[in-house]
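Structure first, commentary second.
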Amino acid sequence: MPAPIRLRELIRTIRTARTQAEEREMIQKECAAIRSSFREEDNTYRCRNVAKLLYMHMLGYPAHFGQLECLKLIASQKFTDKRIGYLGAMLLLDERQDVHLLMTNCIKNDLNHSTQYVQGLALCTLGCMGSSEMCRDLAGEVEKLLKTSNSYLRKKAALCAVHVIRKVPELMEMFLPATKNLLSEKNHGVLHTSVVLLTEMCERSPDMLLHFRKLVPQLVRILKNLIMSGYSPEHDVSGISDPFLQVRILRLLRILGRSDDDSSEAMNDILAQVATNTETSKNVGNAILYETVLTIMDIKSESGLRVLAINILGRFLLNNDKNIRYVALTSLLKTVQTDHNAVQRHRSTIVDCLKDLDVSIKRRAMELSFALVNGNNIRGMMKELLYFLDSCDPEFKADCASGVFLAAEKYAPSKRWHIDTIMRVLTTAGSYVRDDSVPNLIQLITNSVEMHAYTVQRLYKALLDDISQQPLVQVSSWCIGEYGDLLVSGQCEEEEPIQVTEDEVLDVLEGLLVSNLSTPVTRGYSLTAIMKLSTRFSSVNRIKKVVSIYGSSIDVELQQRAVEYNALFKKYDHMRPALLERMPIMEKTASNGPTEIMQTNGETEPSVPDTKHLPLVTQPANQANDLLDLLGGNDVMPVIQTTLPTKPASAGGELLDLLGDLSLTGGPTVVPAPAPSVPVSQPPFLLDGLSSQPLFNDTSAAIPPMTAYSKNGLKIEFTFERANPNPNIAVITIHATNTTEADMTEFVFQAAVPKTFQLQLLSPSSNIVPALNQGSVTQVIRVLNPQKQQLRMRVKLTYTHKGSPVQDLAEVNNFPPQSWQ
Amino acid sequence: MHIRLHTLNQSIRFILIQNRAGKTRLAKWYMQFDDDEKQKLIEEVHAVVTVRDAKHTNFVEFRNFKIIYRRYAGLYFCICVDVTDNNLAYLEGIHNFVEVLNEYFHNVCELDLVFNFYKVYTVVDEMFLAGEIRETSQTKVLKQLLMLQSLE
């Protein structure tokens, strides 16, 4: 067989291949040749063949059949063989193949070889791909080499030891004695690798950490020498002596000084020295400074040093090199919580970074900017951030918009500013805002009573310009529905009122209904808005016509609404004004983020007009209840937990809040649901209350009464009856009495039950609990318990006593078993 | 003795030298990967790194590590490190390595790396070991390389 071709030739040949297929053919041919050569067990050419194989492996072709050959090469005596053999082992073998264990013996022999280069090869291979078993077997040899005087080998041994420790952490102790003198080395290379070894040991084991803490003074001295010493040609990089070593020492100091006051103090001086003396014109110096900053921030440094560190980061931000800016922003983001004031000083530079070209820099600058916003700088910052929102990539817009909303909510200097800001976001990034921001905004607008006219005017103008951004359209149509009268009457004080007629407004809203750009949700909003305008505008006929057209719409949601609104016109016209009244002010339960909206209308006068109407209606009561649900019936006691459609303010919200921990299935339902849901038809038992059935059923009084609440002189007793038609219903009558000398006025009792129950509260007898038990307030609660679960209830009581308002929450768990079984 | 069990947390996961077309000129792995995983990683790195230009930084977030890279002529030198590592220092490390290659091959070009691929591995092994930087003095490394060469 002719001698196998040389490596160079093979490479040259392969490079002449013009297509992938040609290359593959060549490679296959060569592999076949190599395979037969291997079979001949030819020692002379094995090295060459394996080298060729490795080249082909690098191109991406399989080369596993050469694994054993590598082992043979390692066992050979020739250096060239060994070298290729070890290389092959590192490239082709990994610890998941059992073959690699065969190497162990070879490596062991080579670790004790007379030539340092062979020893070096062995150490290198072991350090790169040694498996746990190999490491265990050979750790002793490595340890021996760690103590040798040959610095070439010591360096390799140190890093090899690092690998061994990573693979077999229990062996760490074995290397402890050898570490004693590591730091007194003069040789930088050994010093460097020793520091790495020490770092690894300290990171792995807290005991080692304690043990090595005493090395801090020595490390400080070494670092000092590095900085002070003159030019050392061997390790110099751009005028700085051995920056790599400096960085590693700083890192080790960081680990040692973390959460230890004494060590941190010992380091303070040297850190300050490095921070001020390092040359910053090149990347090298900055690399060292960066590591110094990281160390200062991590240990228990004094505040002066921390400020120094943040100032360094601030300087980094002004650097032309974007790498350095990036690194600075990342670190500042980590420290902004703890050193807020110091970071604030660099705010303007950070804001400038918003205009950078690199995406990752922009993102970090944005996050950092939001973290720095506070009451003092809100106007300026918001201007910059809104400008950024205009011009940034779509991937940022959603986050930026949410951030703007949050910041505006927390720090808005005035309502008008807040609304202006929101409008700006809606008009520029309208399609990217999150779904939950629509109800939040609506609530905000509702609460800024004096701004209603201004808001609706601006929103109307925005609608005229652009109807493609759904959140904007939804908010606008809701506002027009609510405050359309203000729009038409031109009452705006904040800016020039525009002249708008009712027909123009209705044109716009109808335009939304027919436009292809509107989503079904938006259409729902605009239909409801049109309906609401029927009580605010005079062109009722037009509205009636529109509503009736949509009674035959293909969209089920729209159709249902239209049909019900139609019914409102035809049969319940007397109820229409009350139902379509302005929304009351909503209170928020928590101050940030998407929250449930709690409607507090239960605290004003208890239901007067509508509950009186309800008993008069017999058969179509079903429909009326659906309507009340849809429009968020203003004056009905909030009780039912049915899911509500697109209306953001919901009647059930209050109780859902109370239900917070009682809910058996997890968190409370979030009230504003962006997707419209078909209103759940009322369970039959509510009709019971509306029909002529007696509310109090005196039969079956076998259930004992119980005291549900007794505090501060207010006592509430529950008495039970069973409603005959439905044994799952418990009828509870509360009796509230007052033992104090002053009346409790404006008394309101509210209750909430877990999700598997349903609760209906009827109106109370009065809202004054007279003093000294002179009388009582009674109220009926009906609880439907289809799953026969244990009854639990949470009650909320509010009243005014001796001029001051009192509020209390209580849980009632002591229901007698007969009440729910 | 109480020992915290870490996963293998060396700094460097792998070192890659690739050209613009995606051909690997050197792949040194300090972590265990299957062959197909390795191939996938190579392709991913290539995809991520070649779309960046001068206006981007030299750092890319990659899976749950990060890649420090620099382009020299038609070759991308990439080091994949842990997220907690000092980016700027590794950038210096890359440059150190390239300068050694330059000295060793006398104005190195891509073809040098192709025809002498096993020597390139030797250079890597002199400067890095077990996923850490081992020797940073260029003079020392070159001296050792010449000694090794004389043994051939």
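In the structure tokens, the first chain shown is A, the next is B, and so on; residue numbers restart at 1 for each chain, and ligands run from 1 in the order shown.
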TODO: Using only C-alpha atoms, find the residues of chain A whose closest atom to chain B is at most 8 Å away, then write them as an NGL selection string.
DONE: :A and (8 or 11 or 51 or 55 or 58-60 or 79-80 or 84 or 87 or 91 or 94-95 or 117 or 124 or 127-129 or 155-156 or 159-160 or 162-163 or 166-167 or 169-170 or 189 or 192-193 or 196 or 204-207 or 234-236 or 242 or 244 or 247 or 283-284 or 286-288 or 290-291 or 322-324 or 326-327 or 357-359)
Open item on the list: Residues near Glu395 (chain A), anyone? I mean within 10 Å using only C-alpha atoms, not counting same-chain ones fewer than 4 positions away, as a list in words.
Closed with: Val359, Arg363, Asp399, Cys400 and Tyr432 of chain A
Open item on the list: Taking 6 positions as the minimum chain separation for residues in the same chain, which residues sit within 8 Å of Val438 (chain A) when counting only C-alpha atoms? Answer as number ranges by chain.
Closed with: A: 471, 474-475
Open item on the list: When you count only C-alpha atoms, which of these residues is closest to Lys355 (chain A): A:Leu389, A:Ala157, A:Leu226, A:Ala562?
Closed with: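 Checking each of A:Leu389, A:Ala157, A:Leu226, A:Ala562 against Lys355 (chain A), counting only C-alpha atoms, the winner is A:Leu389.
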Open item on the list: Please list as a list in words every residue within 8 Å of Ile270 (chain A), counting only C-alpha atoms and excluding residues in the same chain fewer than 3 positions away.
Closed with: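 The neighbour list is Val220, Leu223, Lys224, Met267, Gln273 and Val274 of chain A.
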Task: strand (DSSP E) call set, DSSP backbone run, region 428-599 of chain A, as a ChimeraX atom specification - done: /A:587-588,597-598
TODO: Compile the contact shell of region 334-345 of chain A as a PyMOL selection string: residues with an atom at most 12 Å away, counting only C-alpha atoms, same-chain residues fewer than 5 positions apart removed.
DONE: chain A and resi 293-294+296-298+303-315+317+327-329+350-351+364+367-374+376-377+381
